[in-house]
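Have a look at structure_38.tsv below; it lists TSV, C-alpha atoms.
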```
chain	number	residue	atom	x	y	z
A	1	MET	CA	-179.98	138.58	153.90
A	2	SER	CA	-177.33	137.13	151.57
A	3	GLU	CA	-174.96	134.57	153.02
A	4	TYR	CA	-171.30	133.98	152.11
A	5	ILE	CA	-172.06	130.52	150.68
A	6	GLY	CA	-174.74	131.96	148.45
A	7	ILE	CA	-172.41	134.64	147.08
A	8	ASN	CA	-169.23	132.56	146.72
A	9	GLY	CA	-170.60	129.03	146.34
A	10	GLN	CA	-168.65	127.71	149.31
A	11	GLN	CA	-168.56	128.00	153.07
A	12	ILE	CA	-165.96	129.96	155.04
A	13	GLU	CA	-163.01	127.71	155.80
A	14	ILE	CA	-162.41	126.68	159.41
A	15	ARG	CA	-158.72	126.10	160.03
A	16	SER	CA	-156.19	126.18	162.88
A	17	ALA	CA	-153.57	128.17	160.93
A	18	ASP	CA	-153.54	130.79	158.18
A	19	PRO	CA	-153.04	129.31	154.67
A	20	ALA	CA	-149.47	129.40	153.39
A	21	ASN	CA	-150.44	130.70	149.95
A	22	PRO	CA	-153.84	132.43	150.13
A	23	THR	CA	-155.53	133.94	147.08
A	24	VAL	CA	-157.03	137.43	146.90
A	25	GLY	CA	-160.60	137.30	148.17
A	26	GLN	CA	-160.07	134.14	150.22
A	27	ILE	CA	-161.69	134.22	153.69
A	28	TRP	CA	-161.20	131.81	156.59
A	29	TYR	CA	-161.76	131.51	160.34
A	30	ASN	CA	-158.62	130.84	162.39
A	31	THR	CA	-159.58	128.78	165.45
A	32	THR	CA	-156.20	129.34	167.12
A	33	SER	CA	-156.55	133.13	167.14
A	34	SER	CA	-160.37	133.06	167.15
A	35	ALA	CA	-160.40	135.52	164.27
A	36	LEU	CA	-162.09	135.87	160.90
A	37	LYS	CA	-159.42	136.62	158.31
A	38	GLY	CA	-159.10	137.32	154.62
A	39	TYR	CA	-156.52	138.04	151.94
A	40	LYS	CA	-156.87	141.40	150.20
A	41	PHE	CA	-155.06	144.11	148.25
A	42	SER	CA	-153.75	147.01	150.33
A	43	ALA	CA	-152.18	150.35	149.39
A	44	SER	CA	-151.18	153.00	151.92
A	45	TRP	CA	-148.66	155.62	153.00
A	46	SER	CA	-147.01	155.43	156.42
A	47	THR	CA	-144.74	157.87	158.24
A	48	SER	CA	-141.11	156.97	158.79
A	49	GLY	CA	-137.89	158.49	160.11
A	50	ASN	CA	-137.43	162.23	159.60
A	51	LEU	CA	-134.63	163.84	157.64
A	52	ALA	CA	-131.94	165.29	159.89
A	53	THR	CA	-132.03	168.48	157.79
A	54	THR	CA	-135.44	170.07	157.23
A	55	ARG	CA	-135.72	171.17	153.60
A	56	ALA	CA	-137.70	171.50	150.40
A	57	ARG	CA	-136.78	171.79	146.69
A	58	LEU	CA	-134.39	168.83	147.11
A	59	ALA	CA	-133.71	165.84	144.87
A	60	GLY	CA	-134.00	162.12	145.55
A	61	ALA	CA	-132.66	158.83	144.19
A	62	GLY	CA	-132.42	155.17	145.08
A	63	THR	CA	-134.98	152.83	146.61
A	64	GLN	CA	-137.27	152.74	149.61
A	65	THR	CA	-134.71	150.79	151.65
A	66	ALA	CA	-131.63	152.52	150.23
A	67	GLY	CA	-132.69	156.08	149.45
A	68	LEU	CA	-130.76	159.29	148.88
A	69	GLY	CA	-131.85	162.90	149.49
A	70	PHE	CA	-129.64	165.86	148.57
A	71	GLY	CA	-129.60	169.63	148.09
A	72	GLY	CA	-132.64	171.84	148.66
A	73	THR	CA	-133.61	174.90	150.68
A	74	ALA	CA	-133.57	175.00	154.48
A	75	PRO	CA	-135.67	177.26	156.76
A	76	SER	CA	-132.57	178.91	158.27
A	77	SER	CA	-129.08	179.95	157.18
A	78	PRO	CA	-127.45	178.57	155.13
A	79	PHE	CA	-130.64	178.54	153.09
A	80	PHE	CA	-129.16	176.70	150.11
A	81	SER	CA	-128.22	173.20	151.20
A	82	ALA	CA	-125.40	170.91	150.11
A	83	ALA	CA	-126.45	168.24	152.61
A	84	THR	CA	-126.79	164.62	151.53
A	85	GLU	CA	-128.60	162.00	153.58
A	86	GLU	CA	-128.86	158.24	153.15
A	87	TYR	CA	-131.97	156.24	154.10
A	88	ASP	CA	-131.91	152.60	155.22
A	89	GLY	CA	-135.65	151.96	155.28
A	90	SER	CA	-136.23	153.53	158.70
A	91	THR	CA	-133.70	156.26	159.49
A	92	TRP	CA	-131.59	158.88	157.71
A	93	ALA	CA	-127.83	159.29	158.20
A	94	GLY	CA	-125.49	161.97	156.91
A	95	GLY	CA	-123.55	161.40	153.70
A	96	GLY	CA	-120.99	163.50	151.86
A	97	ASN	CA	-122.02	167.05	150.95
A	98	LEU	CA	-122.57	168.17	147.39
A	99	GLY	CA	-119.73	170.21	145.97
A	100	THR	CA	-122.21	172.96	145.06
A	101	ALA	CA	-125.06	173.84	147.43
A	102	ARG	CA	-128.20	174.17	145.31
A	103	TYR	CA	-131.95	173.69	145.08
A	104	ASN	CA	-134.54	172.90	142.39
A	105	LEU	CA	-132.08	170.30	141.09
A	106	ALA	CA	-132.75	166.85	139.64
A	107	GLY	CA	-131.53	163.45	140.73
A	108	ALA	CA	-131.15	159.91	139.39
A	109	GLY	CA	-129.37	156.67	140.14
A	110	THR	CA	-128.88	154.80	143.40
A	111	GLN	CA	-127.62	155.42	146.92
A	112	THR	CA	-124.12	154.27	145.98
A	113	ALA	CA	-124.15	155.62	142.42
A	114	GLY	CA	-126.18	158.82	142.49
A	115	LEU	CA	-126.43	161.67	140.01
A	116	ALA	CA	-127.23	165.34	140.75
A	117	PHE	CA	-127.63	167.92	137.98
A	118	GLY	CA	-128.89	171.43	137.31
A	119	GLY	CA	-130.62	173.63	139.88
A	120	ASN	CA	-130.40	177.08	141.41
A	121	PHE	CA	-127.47	178.37	143.44
A	122	VAL	CA	-125.93	181.72	144.30
A	123	PRO	CA	-126.03	183.75	142.10
A	124	GLY	CA	-128.18	181.96	139.51
A	125	THR	CA	-128.80	178.71	137.66
A	126	THR	CA	-126.22	175.98	137.13
A	127	ASN	CA	-125.49	173.29	134.56
A	128	ALA	CA	-123.21	171.44	137.01
A	129	THR	CA	-123.40	167.65	137.37
A	130	GLU	CA	-122.09	165.65	140.32
A	131	GLU	CA	-121.70	161.90	140.83
A	132	TYR	CA	-122.02	160.15	144.21
A	133	ASN	CA	-120.16	156.94	145.09
A	134	GLY	CA	-121.82	156.26	148.43
A	135	SER	CA	-119.62	158.65	150.40
A	136	THR	CA	-118.46	161.58	148.26
A	137	TRP	CA	-119.60	163.68	145.31
A	138	THR	CA	-117.28	164.43	142.38
A	139	ALA	CA	-117.78	166.66	139.35
A	140	GLY	CA	-119.22	165.16	136.17
A	141	GLY	CA	-119.86	166.66	132.73
A	142	ASN	CA	-121.98	169.80	132.59
A	143	LEU	CA	-125.49	169.89	131.15
A	144	GLY	CA	-125.68	171.56	127.76
A	145	THR	CA	-128.47	173.83	129.04
A	146	ALA	CA	-128.22	175.36	132.52
A	147	ARG	CA	-131.64	175.02	134.14
A	148	SER	CA	-133.61	174.46	137.31
A	149	SER	CA	-136.91	172.80	138.27
A	150	LEU	CA	-136.21	169.95	135.83
A	151	ALA	CA	-136.88	166.22	136.17
A	152	GLY	CA	-134.46	163.31	136.16
A	153	ALA	CA	-134.52	159.56	135.51
A	154	GLY	CA	-132.17	156.67	134.82
A	155	THR	CA	-128.80	155.81	136.33
A	156	GLN	CA	-125.44	157.44	136.94
A	157	THR	CA	-124.07	156.08	133.65
A	158	ALA	CA	-127.31	156.35	131.67
A	159	GLY	CA	-129.11	159.41	133.01
A	160	LEU	CA	-131.94	161.49	131.59
A	161	GLY	CA	-132.72	165.15	132.29
A	162	PHE	CA	-135.76	166.90	130.82
A	163	GLY	CA	-137.84	170.06	131.08
A	164	GLY	CA	-137.20	172.83	133.60
A	165	TYR	CA	-136.66	176.57	133.53
A	166	ALA	CA	-133.72	177.86	131.48
A	167	PRO	CA	-132.81	181.54	132.11
A	168	SER	CA	-130.89	181.67	128.85
A	169	ILE	CA	-134.14	181.29	126.87
A	170	PRO	CA	-135.64	182.65	129.27
A	171	ALA	CA	-138.60	180.32	129.62
A	172	VAL	CA	-139.67	176.83	130.52
A	173	THR	CA	-137.90	174.41	128.22
A	174	ASN	CA	-138.67	171.16	126.42
A	175	ALA	CA	-134.98	170.21	126.17
A	176	THR	CA	-133.97	166.63	126.93
A	177	GLU	CA	-130.40	165.51	127.58
A	178	GLU	CA	-128.83	162.07	128.01
A	179	TYR	CA	-125.83	161.32	130.23
A	180	ASP	CA	-123.36	158.49	129.56
A	181	GLY	CA	-121.36	158.75	132.78
A	182	THR	CA	-119.07	161.39	131.34
A	183	SER	CA	-120.97	163.90	129.23
A	184	TRP	CA	-124.46	165.05	128.26
A	185	THR	CA	-125.82	164.98	124.69
A	186	ALA	CA	-129.08	166.31	123.32
A	187	GLY	CA	-132.04	163.94	123.09
A	188	GLY	CA	-135.49	164.40	121.63
A	189	ASN	CA	-137.45	167.39	122.92
A	190	LEU	CA	-140.54	167.05	125.08
A	191	THR	CA	-143.72	167.82	123.15
A	192	THR	CA	-144.80	170.17	125.95
A	193	ALA	CA	-142.22	172.50	127.51
A	194	ARG	CA	-142.67	172.62	131.30
A	195	SER	CA	-140.98	173.02	134.67
A	196	TYR	CA	-141.60	171.55	138.14
A	197	LEU	CA	-142.64	168.27	136.50
A	198	GLY	CA	-142.46	164.70	137.76
A	199	GLY	CA	-140.22	162.09	136.20
A	200	CYS	CA	-139.17	158.45	136.51
A	201	GLY	CA	-138.01	155.48	134.46
A	202	THR	CA	-134.83	154.96	132.49
A	203	GLN	CA	-132.89	156.68	129.72
A	204	THR	CA	-134.59	154.56	127.06
A	205	ALA	CA	-137.99	154.32	128.78
A	206	GLY	CA	-138.60	157.60	130.56
A	207	LEU	CA	-141.81	159.11	131.90
A	208	ALA	CA	-142.65	162.82	132.28
A	209	PHE	CA	-145.87	163.97	133.94
A	210	GLY	CA	-147.54	167.08	135.29
A	211	GLY	CA	-145.67	170.36	135.48
A	212	ASN	CA	-145.96	174.11	135.21
A	213	ILE	CA	-146.82	175.77	131.90
A	214	PRO	CA	-147.14	179.46	132.83
A	215	PRO	CA	-149.58	180.68	133.85
A	216	GLY	CA	-151.01	177.31	134.89
A	217	ALA	CA	-150.44	173.60	135.36
A	218	THR	CA	-150.78	170.52	133.17
A	219	ALA	CA	-151.83	166.90	133.62
A	220	ALA	CA	-150.03	165.82	130.43
A	221	THR	CA	-147.91	162.67	130.40
A	222	GLU	CA	-145.19	161.83	127.89
A	223	GLU	CA	-143.21	158.63	127.31
A	224	TYR	CA	-139.61	158.55	126.04
A	225	ASN	CA	-138.20	155.68	123.98
A	226	GLY	CA	-134.58	156.82	123.91
A	227	SER	CA	-135.04	159.27	121.05
A	228	THR	CA	-138.56	160.73	120.99
A	229	TRP	CA	-141.38	161.63	123.38
A	230	THR	CA	-144.98	160.56	122.68
A	231	ALA	CA	-148.19	161.35	124.52
A	232	GLY	CA	-149.41	159.06	127.29
A	233	GLY	CA	-152.58	159.19	129.38
A	234	ASN	CA	-153.24	162.38	131.35
A	235	MET	CA	-153.04	162.44	135.12
A	236	GLY	CA	-156.34	162.71	136.97
A	237	ALA	CA	-155.08	165.67	139.03
A	238	VAL	CA	-153.66	168.72	137.23
A	239	ARG	CA	-150.59	169.80	139.22
A	240	TYR	CA	-146.92	170.74	139.37
A	241	GLN	CA	-144.15	170.66	142.02
A	242	LEU	CA	-144.87	166.93	142.43
A	243	ALA	CA	-142.55	163.94	142.86
A	244	GLY	CA	-142.26	160.66	140.99
A	245	ALA	CA	-140.96	157.12	141.35
A	246	GLY	CA	-141.01	153.84	139.45
A	247	THR	CA	-140.84	153.02	135.75
A	248	GLN	CA	-142.54	153.98	132.50
A	249	THR	CA	-145.05	151.13	132.81
A	250	ALA	CA	-145.35	151.24	136.60
A	251	GLY	CA	-145.01	154.87	137.64
A	252	LEU	CA	-146.03	156.71	140.80
A	253	GLY	CA	-146.81	160.43	141.07
A	254	PHE	CA	-147.52	162.11	144.42
A	255	GLY	CA	-147.92	165.45	146.15
A	256	GLY	CA	-147.61	168.76	144.36
A	257	TYR	CA	-149.35	172.09	143.87
A	258	ARG	CA	-152.88	172.32	142.46
A	259	PRO	CA	-153.67	175.98	141.70
A	260	VAL	CA	-157.39	175.24	141.28
A	261	GLN	CA	-157.93	174.02	144.85
A	262	SER	CA	-157.62	175.53	148.34
A	263	PRO	CA	-155.24	174.91	149.95
A	264	PRO	CA	-153.32	174.27	146.74
A	265	ARG	CA	-150.81	171.75	148.12
A	266	THR	CA	-152.03	168.20	147.67
A	267	ALA	CA	-151.60	164.67	149.03
A	268	VAL	CA	-153.03	163.03	145.91
A	269	THR	CA	-151.19	159.93	144.69
A	270	GLU	CA	-151.68	158.29	141.29
A	271	LYS	CA	-150.13	155.27	139.62
A	272	TYR	CA	-149.44	154.71	135.92
A	273	ASP	CA	-149.65	151.38	134.09
A	274	GLY	CA	-148.11	152.45	130.80
A	275	THR	CA	-151.42	153.72	129.45
A	276	SER	CA	-153.46	155.47	132.13
A	277	TRP	CA	-153.31	156.89	135.65
A	278	THR	CA	-155.52	155.70	138.52
A	279	ALA	CA	-155.90	157.20	141.97
A	280	THR	CA	-154.53	155.31	144.95
A	281	SER	CA	-154.17	156.14	148.67
A	282	ASN	CA	-153.32	159.75	149.52
A	283	MET	CA	-150.21	160.75	151.41
A	284	ASN	CA	-150.74	161.42	155.12
A	285	THR	CA	-149.55	165.00	154.71
A	286	ALA	CA	-150.16	167.21	151.69
A	287	ARG	CA	-146.97	168.78	150.42
A	288	ARG	CA	-145.22	170.23	147.39
A	289	ILE	CA	-141.68	170.68	146.05
A	290	LEU	CA	-140.72	167.34	147.58
A	291	ALA	CA	-138.39	164.57	146.38
A	292	GLY	CA	-139.28	161.02	145.41
A	293	ALA	CA	-137.52	157.68	145.14
A	294	GLY	CA	-138.28	153.98	144.89
A	295	GLN	CA	-140.80	152.01	142.86
A	296	GLN	CA	-144.55	152.03	142.27
A	297	THR	CA	-145.15	149.39	144.94
A	298	ALA	CA	-142.53	150.76	147.34
A	299	GLY	CA	-142.25	154.52	147.02
A	300	LEU	CA	-140.52	157.15	149.16
A	301	ALA	CA	-141.59	160.79	149.71
A	302	ILE	CA	-138.87	163.06	151.10
A	303	GLY	CA	-139.16	166.57	152.59
A	304	GLY	CA	-140.93	169.39	150.76
A	305	PHE	CA	-143.25	172.21	151.84
A	306	GLU	CA	-146.14	171.15	154.09
A	307	ALA	CA	-147.46	174.71	154.38
A	308	ALA	CA	-145.32	177.85	154.29
A	309	SER	CA	-142.25	176.10	155.66
A	310	PRO	CA	-140.06	173.15	154.67
A	311	THR	CA	-140.52	169.82	156.43
A	312	ASN	CA	-138.24	166.93	157.35
A	313	ALA	CA	-141.07	164.39	157.06
A	314	THR	CA	-140.61	161.07	155.25
A	315	GLU	CA	-143.39	158.77	154.10
A	316	GLU	CA	-143.31	155.31	152.57
A	317	TYR	CA	-145.86	154.01	150.06
A	318	ASN	CA	-146.47	150.27	149.99
A	319	GLU	CA	-148.96	148.19	148.08
A	320	GLY	CA	-149.58	144.49	147.74
A	321	ASN	CA	-151.69	141.63	149.03
A	322	VAL	CA	-151.97	141.24	152.80
A	323	THR	CA	-153.77	139.10	155.35
A	324	ALA	CA	-156.38	141.15	157.21
A	325	THR	CA	-158.33	140.41	160.38
A	326	PHE	CA	-162.00	141.37	160.22
A	327	THR	CA	-163.68	142.82	163.29
A	328	ALA	CA	-167.32	143.62	163.97
A	329	THR	CA	-168.34	147.27	163.83
```
How does this structure look as structure tokens?
Amino acid sequence: MSEYIGINGQQIEIRSADPANPTVGQIWYNTTSSALKGYKFSASWSTSGNLATTRARLAGAGTQTAGLGFGGTAPSSPFFSAATEEYDGSTWAGGGNLGTARYNLAGAGTQTAGLAFGGNFVPGTTNATEEYNGSTWTAGGNLGTARSSLAGAGTQTAGLGFGGYAPSIPAVTNATEEYDGTSWTAGGNLTTARSYLGGCGTQTAGLAFGGNIPPGATAATEEYNGSTWTAGGNMGAVRYQLAGAGTQTAGLGFGGYRPVQSPPRTAVTEKYDGTSWTATSNMNTARRILAGAGQQTAGLAIGGFEAASPTNATEEYNEGNVTATFTAT
């Protein structure tokens, strides 16, 4: 049988306290707690405080400790929601309602400087934009192309909207628009027109991934440099109706609808390094048409459809190096 000293060239440390700055792979025995410990990489989703308003097809913005969820569809009347909720890292609290109740909209920005644009409402699709200041929404400049099921990225004063379904075409669209805090202007088109896609990043470094290309789904990824989109590495899981978080070089994609599997809703999570996607820990609950916020190492999954009905569930994704206690099995 191999021994630790033979594999690592040194014996397990015996110490009365955990090291202040351990390195990944380091193992020691703590005599105070009588425990064998080590320092390792960890990535996992954990459940957190539920939304007050159960809903799917909503949008998200902000960070894991200062998140924003708004709009969507609820399981009972009124079905189209204008509700806004603010997340503090553990619980949700009510914020100011959107001026226009809608779903399948996109979001960007922060909890105190949010951006909502596009979506479906009664009786159709809207190009309306609204800006949030931490308490109320006010009207901003309209999108050039009214559409729903689009993706968003960036900030309130440097936003990015791309893809979606435009009834004026009528078809999925590759249109990209850039927002300057007042008005939208056309940007470079996506190479692949699609709806229900994931998005993250900034106006000059955006990321688009997955999506619906009738009659199926795509795993294609595209990167935006402020003027043009170029191909990135494909996702491992072909899907649409997913959510995203992070940046162009540190993206996170999670959940969604995979038409090739049964049941089609998925908990699969992947992370992007600017070149390729790799699988990481799955969400606790598979869902689709959810919202996302945060960063690659601290993501937030909000609402969505768990089965045939919307959910109020929230999950947090965290990754990093942690001290673990080893036990005999």
Q. Which distance in Å separates atom CA of A:Thr218 and atom CA of A:Thr269, to one decimal?
A. 15.7 Å
Q) What lies within 10 Å of A:Pro214 using all atoms listed in the file, ignoring chain neighbours under 5 positions off, as a list in words? A)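 The contact residues come out as Ala171, Val172, Arg194 and Ser195 of chain A.
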Q | d(atom CA of A:Thr126, atom CA of A:Ser149) in Å | A | 11.2 Å
Q.
I need the residue nearest A:Ser135 from this list: A:Asp180, A:Glu86, A:Glu270, A:Glu222. Use all atoms listed in the file for the distance.
A.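 For A:Ser135, the nearest of the candidates is A:Glu86.
Comparing A:Tyr29, A:Tyr87, A:Tyr196, A:Tyr179 by their smallest distance to A:Gly154, the closest is A:Tyr179 (using all atoms listed in the file).
Remark: for A:Asn225, the closest of the candidate residues A:Gln241, A:Asn212, A:Gln248, A:Ser309 is A:Gln248 (distances computed over only C-alpha atoms).
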